[in-house]
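A.B. asks: Sharing coords.txt below, compact mmCIF, C-alpha atoms and all ligand atoms:
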```txt
# COMPACT_ATOMS: atom_id res chain seq x y z
CA MET A 252 0.00 0.00 0.00
CA ASP A 253 1.42 3.45 -0.84
CA SER A 254 2.25 5.63 2.16
CA SER A 255 -0.44 8.30 1.61
CA LYS A 256 -3.13 5.61 1.32
CA LEU A 257 -1.81 3.97 4.49
CA GLU A 258 -1.84 7.30 6.36
CA ARG A 259 -5.44 7.84 5.28
CA THR A 260 -6.49 4.39 6.51
CA LEU A 261 -4.74 4.95 9.88
CA ASP A 262 -6.42 8.36 10.32
CA LYS A 263 -9.78 6.89 9.38
CA MET A 264 -9.44 4.01 11.87
CA ARG A 265 -8.58 6.42 14.69
CA GLN A 266 -11.35 8.89 13.80
CA ASP A 267 -14.07 6.26 13.27
CA TRP A 268 -13.25 4.40 16.51
CA ASP A 269 -13.11 7.67 18.48
CA GLU A 270 -16.53 8.51 17.10
CA ARG A 271 -17.91 5.05 17.95
CA ALA A 272 -16.45 5.35 21.46
CA ARG A 273 -18.09 8.74 21.98
CA GLU A 274 -21.42 7.44 20.70
CA ASN A 275 -21.56 4.15 22.67
CA ALA A 276 -18.16 2.54 23.26
CA ARG A 277 -19.44 -0.60 24.94
CA PHE A 278 -21.94 -1.33 22.16
CA TYR A 279 -19.28 -1.06 19.43
CA VAL A 280 -16.91 -3.18 21.52
CA ASN A 281 -19.51 -5.91 22.01
CA THR A 282 -22.65 -5.47 19.92
CA GLU A 283 -24.70 -8.01 21.93
CA ARG A 284 -26.22 -5.08 23.88
CA THR A 285 -26.65 -1.31 23.61
CA ASP A 286 -27.04 -0.71 27.34
CA TRP A 287 -24.30 -2.60 29.16
CA THR A 288 -24.02 -2.11 32.90
CA ASP A 289 -20.47 -2.19 34.32
CA ASP A 290 -21.04 -5.63 35.82
CA GLU A 291 -22.45 -7.16 32.63
CA PHE A 292 -19.82 -5.59 30.41
CA PHE A 293 -16.88 -6.83 32.47
CA ALA A 294 -18.55 -10.23 32.98
CA SER A 295 -18.58 -10.57 29.17
CA GLY A 296 -14.79 -9.99 29.23
CA GLU A 297 -14.45 -12.70 31.89
CA ARG A 298 -16.42 -15.01 29.58
CA THR A 299 -14.04 -14.30 26.69
CA VAL A 300 -11.10 -15.14 28.95
CA SER A 301 -12.82 -18.32 30.18
CA GLU A 302 -13.49 -19.44 26.62
CA GLU A 303 -10.27 -18.43 24.87
CA ILE A 304 -7.60 -18.37 27.62
CA LEU A 305 -8.55 -20.63 30.53
CA THR A 306 -9.28 -23.51 28.13
CA ASP A 307 -5.84 -23.09 26.57
CA MET A 308 -3.42 -22.61 29.48
CA ILE A 309 -0.97 -25.27 28.28
CA ASN A 310 -0.27 -23.39 25.05
CA ILE A 311 -0.42 -19.99 26.73
CA CYS A 312 1.57 -20.51 29.94
CA GLN A 313 3.90 -23.33 28.86
CA GLY A 314 4.50 -24.26 32.50
CA LYS A 315 4.89 -20.68 33.78
CA ASP A 316 2.87 -19.31 36.70
CA PRO A 317 0.40 -16.78 35.13
CA LYS A 318 1.22 -14.32 37.92
CA GLN A 319 4.83 -14.30 36.67
CA MET A 320 3.78 -13.65 33.06
CA LYS A 321 3.87 -10.42 31.08
CA VAL A 322 1.13 -10.28 28.43
CA LEU A 323 0.17 -7.99 25.58
CA GLU A 324 -3.25 -7.20 24.12
CA ILE A 325 -3.82 -5.54 20.73
CA GLY A 326 -7.01 -3.42 20.45
CA CYS A 327 -8.20 -3.31 24.06
CA GLY A 328 -11.24 -1.09 23.42
CA ALA A 329 -12.93 -0.08 26.69
CA GLY A 330 -10.92 -2.60 28.74
CA ARG A 331 -13.52 -5.39 28.65
CA VAL A 332 -11.01 -8.24 28.17
CA THR A 333 -8.03 -6.31 29.57
CA ARG A 334 -9.65 -6.19 33.00
CA ALA A 335 -10.19 -9.95 32.97
CA LEU A 336 -6.60 -10.52 31.77
CA SER A 337 -5.36 -8.38 34.67
CA GLY A 338 -7.10 -10.72 37.13
CA LEU A 339 -5.10 -13.62 35.79
CA PHE A 340 -1.66 -12.40 34.72
CA GLY A 341 1.11 -10.61 36.58
CA GLU A 342 1.58 -7.74 34.10
CA VAL A 343 -0.69 -6.61 31.26
CA HIS A 344 0.12 -4.10 28.51
CA ALA A 345 -2.56 -3.12 25.99
CA VAL A 346 -2.78 -0.79 22.98
CA ASP A 347 -5.62 0.76 21.04
CA VAL A 348 -5.69 3.24 18.14
CA SER A 349 -8.54 5.25 19.69
CA GLY A 350 -7.73 7.80 22.42
CA GLU A 351 -11.39 7.73 23.47
CA MET A 352 -11.28 3.94 23.95
CA VAL A 353 -7.95 4.21 25.78
CA ALA A 354 -9.47 6.72 28.22
CA GLN A 355 -12.31 4.29 28.97
CA ALA A 356 -9.92 1.35 29.35
CA ARG A 357 -7.73 3.33 31.76
CA ALA A 358 -10.80 4.19 33.85
CA ALA A 359 -11.79 0.50 33.89
CA LEU A 360 -8.32 -0.44 35.12
CA LYS A 361 -7.65 2.32 37.61
CA ASP A 362 -7.53 -0.18 40.50
CA ARG A 363 -5.09 -2.43 38.58
CA PRO A 364 -1.60 -0.88 38.77
CA HIS A 365 -0.09 -3.84 36.89
CA ALA A 366 -2.24 -3.07 33.79
CA HIS A 367 -0.96 -0.43 31.35
CA VAL A 368 -2.85 1.01 28.38
CA TYR A 369 -1.33 3.00 25.52
CA GLN A 370 -2.75 4.78 22.49
CA ASN A 371 -0.78 3.70 19.43
CA ASN A 372 -0.65 4.76 15.79
CA GLY A 373 -2.84 1.88 14.56
CA MET A 374 -0.06 -0.24 13.12
CA ASP A 375 3.00 -0.65 15.35
CA LEU A 376 3.93 -1.29 18.99
CA SER A 377 6.64 1.33 19.47
CA VAL A 378 4.65 2.81 22.41
CA VAL A 379 4.99 -0.44 24.40
CA PRO A 380 8.06 -0.40 26.67
CA GLY A 381 10.37 -3.39 27.02
CA GLY A 382 10.02 -6.80 25.39
CA ASN A 383 10.27 -10.47 26.32
CA PHE A 384 6.48 -10.82 26.58
CA ASP A 385 5.20 -14.30 27.47
CA PHE A 386 1.90 -14.16 25.56
CA ALA A 387 -0.02 -11.86 23.19
CA PHE A 388 -3.77 -11.85 22.49
CA SER A 389 -6.23 -10.06 20.23
CA THR A 390 -9.94 -10.62 19.66
CA ILE A 391 -12.50 -8.75 17.52
CA VAL A 392 -9.87 -6.26 16.35
CA PHE A 393 -8.24 -7.53 13.14
CA GLN A 394 -11.74 -8.42 11.87
CA HIS A 395 -12.23 -4.64 11.64
CA ILE A 396 -8.90 -3.69 10.00
CA PRO A 397 -9.34 -3.18 6.24
CA SER A 398 -5.60 -3.37 5.43
CA ARG A 399 -3.56 -6.57 5.13
CA ALA A 400 -0.35 -4.50 5.41
CA VAL A 401 -1.43 -3.15 8.81
CA ILE A 402 -2.29 -6.60 10.18
CA GLU A 403 0.97 -8.06 8.90
CA ASN A 404 2.86 -5.21 10.50
CA TYR A 405 1.21 -5.97 13.85
CA VAL A 406 2.18 -9.62 13.53
CA ARG A 407 5.81 -8.60 12.89
CA GLU A 408 5.70 -6.21 15.83
CA VAL A 409 4.28 -8.84 18.17
CA ASN A 410 7.07 -11.16 17.04
CA ARG A 411 9.60 -8.48 18.01
CA LEU A 412 8.13 -8.20 21.53
CA LEU A 413 7.56 -11.90 22.39
CA ARG A 414 10.16 -14.19 23.91
CA PRO A 415 11.12 -17.16 21.67
CA GLY A 416 8.53 -19.97 21.85
CA ALA A 417 5.75 -17.70 23.17
CA LEU A 418 2.26 -17.70 21.67
CA PHE A 419 0.35 -14.97 19.83
CA LYS A 420 -3.29 -16.10 19.82
CA PHE A 421 -5.54 -13.90 17.71
CA GLN A 422 -8.65 -13.79 15.59
CA VAL A 423 -9.02 -12.56 12.02
CA GLN A 424 -11.92 -12.38 9.60
CA GLY A 425 -11.92 -15.58 7.52
CA ASP A 426 -14.88 -15.13 5.17
CA PRO A 427 -13.55 -14.50 1.61
CA THR A 428 -17.02 -13.66 0.28
CA LEU A 429 -17.13 -10.40 2.26
CA GLN A 430 -15.95 -7.50 0.13
CA THR A 431 -13.70 -5.06 1.96
CA ASP A 432 -12.97 -1.44 1.23
CA ALA A 433 -9.97 0.55 2.58
CA ASP A 434 -12.32 3.31 3.78
CA ASP A 435 -14.57 0.93 5.72
CA THR A 436 -13.13 0.50 9.22
CA TRP A 437 -15.84 -1.96 10.30
CA LEU A 438 -15.14 -4.88 7.97
CA GLY A 439 -11.63 -6.28 8.02
CA VAL A 440 -9.71 -7.95 5.22
CA PRO A 441 -10.31 -11.74 5.01
CA PHE A 442 -7.60 -14.36 5.52
CA SER A 443 -7.73 -17.82 3.95
CA ASP A 444 -5.97 -20.73 5.59
CA GLU A 445 -3.12 -20.32 3.06
CA ASP A 446 -2.89 -16.58 3.84
CA ALA A 447 -2.61 -17.40 7.55
CA VAL A 448 0.20 -19.89 7.02
CA ARG A 449 2.08 -17.55 4.69
CA MET A 450 1.78 -14.58 7.08
CA ALA A 451 3.11 -16.66 9.99
CA GLU A 452 6.12 -17.85 8.02
CA GLN A 453 6.92 -14.37 6.71
CA CYS A 454 6.75 -12.90 10.20
CA GLY A 455 8.84 -15.46 12.13
CA PHE A 456 6.08 -17.65 13.58
CA GLU A 457 5.06 -21.29 13.39
CA PRO A 458 1.28 -21.43 12.65
CA ARG A 459 0.75 -24.46 14.88
CA HIS A 460 -3.07 -24.43 15.13
CA ARG A 461 -5.89 -22.77 13.22
CA HIS A 462 -9.63 -22.93 13.89
CA GLY A 463 -12.66 -21.51 12.07
CA ALA A 464 -11.26 -20.93 8.56
CA GLY A 465 -13.93 -19.51 6.25
CA GLY A 466 -15.91 -17.81 9.02
CA GLN A 467 -15.94 -14.56 10.97
CA TYR A 468 -14.01 -16.06 13.88
CA PHE A 469 -10.86 -17.51 12.35
CA TRP A 470 -8.51 -18.13 15.29
CA LEU A 471 -4.77 -18.48 14.82
CA TRP A 472 -2.12 -19.85 17.20
CA TYR A 473 1.25 -18.44 16.16
CA PHE A 474 4.30 -19.58 18.15
CA LYS A 475 7.40 -17.41 17.88
CA GLN A 476 10.24 -19.40 16.33
C1 LIG B 1 -14.81 -4.34 18.63
S1 LIG B 1 -13.62 -3.50 19.61
C2 LIG B 1 -13.00 -4.86 20.60
C3 LIG B 1 -12.24 -4.42 21.83
C4 LIG B 1 -11.67 -5.55 22.66
N1 LIG B 1 -10.75 -6.35 21.90
C5 LIG B 1 -12.75 -6.42 23.24
O1 LIG B 1 -12.91 -7.55 22.77
O2 LIG B 1 -13.45 -5.98 24.14
C6 LIG B 1 -12.33 -3.18 18.44
C7 LIG B 1 -11.22 -2.30 19.03
O3 LIG B 1 -10.11 -2.34 18.13
C8 LIG B 1 -9.56 -1.05 18.06
N2 LIG B 1 -8.85 -0.94 16.78
C9 LIG B 1 -9.37 -0.90 15.53
N3 LIG B 1 -8.41 -0.77 14.62
C10 LIG B 1 -7.23 -0.75 15.33
C11 LIG B 1 -5.87 -0.64 14.95
N4 LIG B 1 -5.50 -0.51 13.68
N5 LIG B 1 -4.93 -0.66 15.93
C12 LIG B 1 -5.28 -0.76 17.23
N6 LIG B 1 -6.56 -0.84 17.64
C13 LIG B 1 -7.52 -0.86 16.70
C14 LIG B 1 -10.76 -0.12 18.15
O4 LIG B 1 -10.39 1.19 18.54
C15 LIG B 1 -11.62 -0.84 19.18
O5 LIG B 1 -11.33 -0.38 20.47
```
Could you write out this structure as structure tokens?
C.D. replies:
Amino acid sequence: MDSSKLERTLDKMRQDWDERARENARFYVNTERTDWTDDEFFASGERTVSEEILTDMINICQGKDPKQMKVLEIGCGAGRVTRALSGLFGEVHAVDVSGEMVAQARAALKDRPHAHVYQNNGMDLSVVPGGNFDFAFSTIVFQHIPSRAVIENYVREVNRLLRPGALFKFQVQGDPTLQTDADDTWLGVPFSDEDAVRMAEQCGFEPRHRHGAGGQYFWLWYFKQ
């Protein structure tokens, strides 16, 4: 993608998500409801962690005590999943392109000094201090990113920050029949199974498991080589 087109997509993602956050952040984060209470909203984050993390602790922790682990989340939104991650892991760092979402996530985590939220530029992780992360996670974020170059850049950046052998578990949009448009920041670019394998290999990962190819929730388990 040429650099002016990329800049436009990054600006659009930030502006559209700021606008969604101002309108009704929790609805755009999880469209099951328009009127989430605090308790219900954060309980839905606990459910995500129960379903995607607690069922998968062997791959995620690899024998480490979760309280000794440093984890990274891409696209934290209003802190729904971040708060649940902070109940489990010793240190949590999360990024989001939207300053409005970041403000809500910080408010949701104000009693969790081991959770840190940063606004980033929508494509790299230069705002995240340090490295040697033990695990990285992202859900319902890449399914909204209309640029393959941006997603691939995130995958390379996560590779830079993980320790060797660590897992990046994330979800992409896997339905090739959905037509994407660079100006539409709701529908993300689709990945086929072959795309997922190729991206892992190009970015220094082993694509050990994949689940849900062809559908909206295409989950990938990338282990850093
Ligand atoms: C549907 S919400 C999901 C939030 C969170 N992952 C959750 O499950 O509660 C999508 C989030 O991704 C963020 N996002 C979208 N594009 C992004 C990008 N290029 N870089 C970082 N965050 C992005 C949005 O600002 C929004 O907060």
A.B. asks: Write as a PyMOL selection string the residues around ligand LIG 1 (chain B), taking 8 Å as the cut-off and counting all atoms listed in the file.
C.D. replies: chain A and resi 261+264-265+268-269+272+276+279-281+296+299+324-333+346-349+352-353+371-375+389-393+395-396+401-402+436
A.B. asks: Selection from above, C-alpha atoms, as a CSV table (one decimal), keeping the file's coordinate frame, can you write it?
C.D. replies:
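The new file selection-v8.csv reads:
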```csv
chain,number,residue,atom,x,y,z
A,261,LEU,CA,-4.7,5.0,9.9
A,264,MET,CA,-9.4,4.0,11.9
A,265,ARG,CA,-8.6,6.4,14.7
A,268,TRP,CA,-13.2,4.4,16.5
A,269,ASP,CA,-13.1,7.7,18.5
A,272,ALA,CA,-16.4,5.4,21.5
A,276,ALA,CA,-18.2,2.5,23.3
A,279,TYR,CA,-19.3,-1.1,19.4
A,280,VAL,CA,-16.9,-3.2,21.5
A,281,ASN,CA,-19.5,-5.9,22.0
A,296,GLY,CA,-14.8,-10.0,29.2
A,299,THR,CA,-14.0,-14.3,26.7
A,324,GLU,CA,-3.2,-7.2,24.1
A,325,ILE,CA,-3.8,-5.5,20.7
A,326,GLY,CA,-7.0,-3.4,20.4
A,327,CYS,CA,-8.2,-3.3,24.1
A,328,GLY,CA,-11.2,-1.1,23.4
A,329,ALA,CA,-12.9,-0.1,26.7
A,330,GLY,CA,-10.9,-2.6,28.7
A,331,ARG,CA,-13.5,-5.4,28.6
A,332,VAL,CA,-11.0,-8.2,28.2
A,333,THR,CA,-8.0,-6.3,29.6
A,346,VAL,CA,-2.8,-0.8,23.0
A,347,ASP,CA,-5.6,0.8,21.0
A,348,VAL,CA,-5.7,3.2,18.1
A,349,SER,CA,-8.5,5.2,19.7
A,352,MET,CA,-11.3,3.9,24.0
A,353,VAL,CA,-8.0,4.2,25.8
A,371,ASN,CA,-0.8,3.7,19.4
A,372,ASN,CA,-0.6,4.8,15.8
A,373,GLY,CA,-2.8,1.9,14.6
A,374,MET,CA,-0.1,-0.2,13.1
A,375,ASP,CA,3.0,-0.6,15.4
A,389,SER,CA,-6.2,-10.1,20.2
A,390,THR,CA,-9.9,-10.6,19.7
A,391,ILE,CA,-12.5,-8.8,17.5
A,392,VAL,CA,-9.9,-6.3,16.4
A,393,PHE,CA,-8.2,-7.5,13.1
A,395,HIS,CA,-12.2,-4.6,11.6
A,396,ILE,CA,-8.9,-3.7,10.0
A,401,VAL,CA,-1.4,-3.2,8.8
A,402,ILE,CA,-2.3,-6.6,10.2
A,436,THR,CA,-13.1,0.5,9.2
```
A.B. asks: Find the residues near segment 456-468 of chain A: any atom within 7 Å, counting only C-alpha atoms, skip ones fewer than 2 places away on the same chain, and give them as a PDB file with C-alpha atoms, in the coordinates of the input.
C.D. replies:
```pdb
ATOM      1  CA  GLN A 422      -8.650 -13.790  15.590  1.00  0.00           C
ATOM      2  CA  VAL A 423      -9.020 -12.560  12.020  1.00  0.00           C
ATOM      3  CA  GLN A 424     -11.920 -12.380   9.600  1.00  0.00           C
ATOM      4  CA  GLY A 425     -11.920 -15.580   7.520  1.00  0.00           C
ATOM      5  CA  ASP A 426     -14.880 -15.130   5.170  1.00  0.00           C
ATOM      6  CA  PRO A 427     -13.550 -14.500   1.610  1.00  0.00           C
ATOM      7  CA  SER A 443      -7.730 -17.820   3.950  1.00  0.00           C
ATOM      8  CA  ASP A 444      -5.970 -20.730   5.590  1.00  0.00           C
ATOM      9  CA  VAL A 448       0.200 -19.890   7.020  1.00  0.00           C
ATOM     10  CA  ALA A 451       3.110 -16.660   9.990  1.00  0.00           C
ATOM     11  CA  GLU A 452       6.120 -17.850   8.020  1.00  0.00           C
ATOM     12  CA  CYS A 454       6.750 -12.900  10.200  1.00  0.00           C
ATOM     13  CA  TRP A 470      -8.510 -18.130  15.290  1.00  0.00           C
ATOM     14  CA  LEU A 471      -4.770 -18.480  14.820  1.00  0.00           C
ATOM     15  CA  TRP A 472      -2.120 -19.850  17.200  1.00  0.00           C
ATOM     16  CA  TYR A 473       1.250 -18.440  16.160  1.00  0.00           C
ATOM     17  CA  PHE A 474       4.300 -19.580  18.150  1.00  0.00           C
ATOM     18  CA  LYS A 475       7.400 -17.410  17.880  1.00  0.00           C
ATOM     19  CA  GLN A 476      10.240 -19.400  16.330  1.00  0.00           C
TER      20      GLN A 476
END
```
A.B. asks: I need the residue nearest Val343 of chain A from this list: A:Leu418, A:Leu360, A:Ala387, A:Ala366. Use only C-alpha atoms for the distance.
C.D. replies: A:Ala366
A.B. asks: So, counting all atoms listed in the file, which residue among A:Met450, A:Gln355, A:Val322, A:Gly350 is closest to Asn275 of chain A?
C.D. replies: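 Using all atoms listed in the file, the shortest distance to Asn275 of chain A belongs to A:Gln355.
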A.B. asks: Just the number, please: distance in Å from atom CA of Val368 of chain A to atom CA of Ala356 of chain A, one decimal.
C.D. replies: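 We find that atom CA of Val368 of chain A and atom CA of Ala356 of chain A lie 7.1 Å from each other.
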A.B. asks: Of the candidates A:Val300, A:Gly455, A:Gln394, A:Ser295, which shows the shortest atom-to-atom distance to Gly439 of chain A, using all atoms listed in the file?
C.D. replies: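 Residue with the minimum atom-to-atom distance to Gly439 of chain A: A:Gln394.
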A.B. asks: Using only C-alpha atoms, which residues sit within 9 Å of Leu429 of chain A once same-chain residues fewer than 6 positions away are excluded, as a ChimeraX atom specification?
C.D. replies: /A:438-441
A.B. asks: Can you write just those residues out, C-alpha atoms, as a PDB file, in the frame of the given file?
C.D. replies:
```pdb
ATOM      1  CA  LEU A 438     -15.140  -4.880   7.970  1.00  0.00           C
ATOM      2  CA  GLY A 439     -11.630  -6.280   8.020  1.00  0.00           C
ATOM      3  CA  VAL A 440      -9.710  -7.950   5.220  1.00  0.00           C
ATOM      4  CA  PRO A 441     -10.310 -11.740   5.010  1.00  0.00           C
TER       5      PRO A 441
END
```
A.B. asks: Mind giving me the straight-line distance from atom CA of Gln266 of chain A to atom CA of Pro397 of chain A in Å, one decimal?
C.D. replies: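 Answer for the atom CA of Gln266 of chain A to atom CA of Pro397 of chain A separation: 14.4 Å.
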A.B. asks: For Pro380 of chain A, which of A:Asn310, A:Leu323, A:Arg259, A:Gln430 is the closest residue, counting all atoms listed in the file?
C.D. replies: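 Ranked by minimum distance to Pro380 of chain A, first place goes to A:Leu323.
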A.B. asks: Which distance in Å separates atom CA of Glu445 of chain A and atom CA of Ser254 of chain A, to one decimal?
C.D. replies: 26.5 Å
A.B. asks: With distances taken over only C-alpha atoms, which residue among A:Asp316, A:Asp307, A:Asp446, A:Glu270 lies nearest Gly341 of chain A?
C.D. replies: A:Asp316
A.B. asks: From the options A:Ala400, A:Leu412, A:Ala417, A:Ala294, which residue's atoms come nearest to Ile311 of chain A, counting all atoms listed in the file?
C.D. replies: A:Ala417
A.B. asks: Residues at most 8 Å from Cys312 of chain A, counting only C-alpha atoms, excluding those fewer than 5 positions away in the same chain, as a list of chain:residue names?
C.D. replies: A:Pro317, A:Met320, A:Asp385, A:Phe386
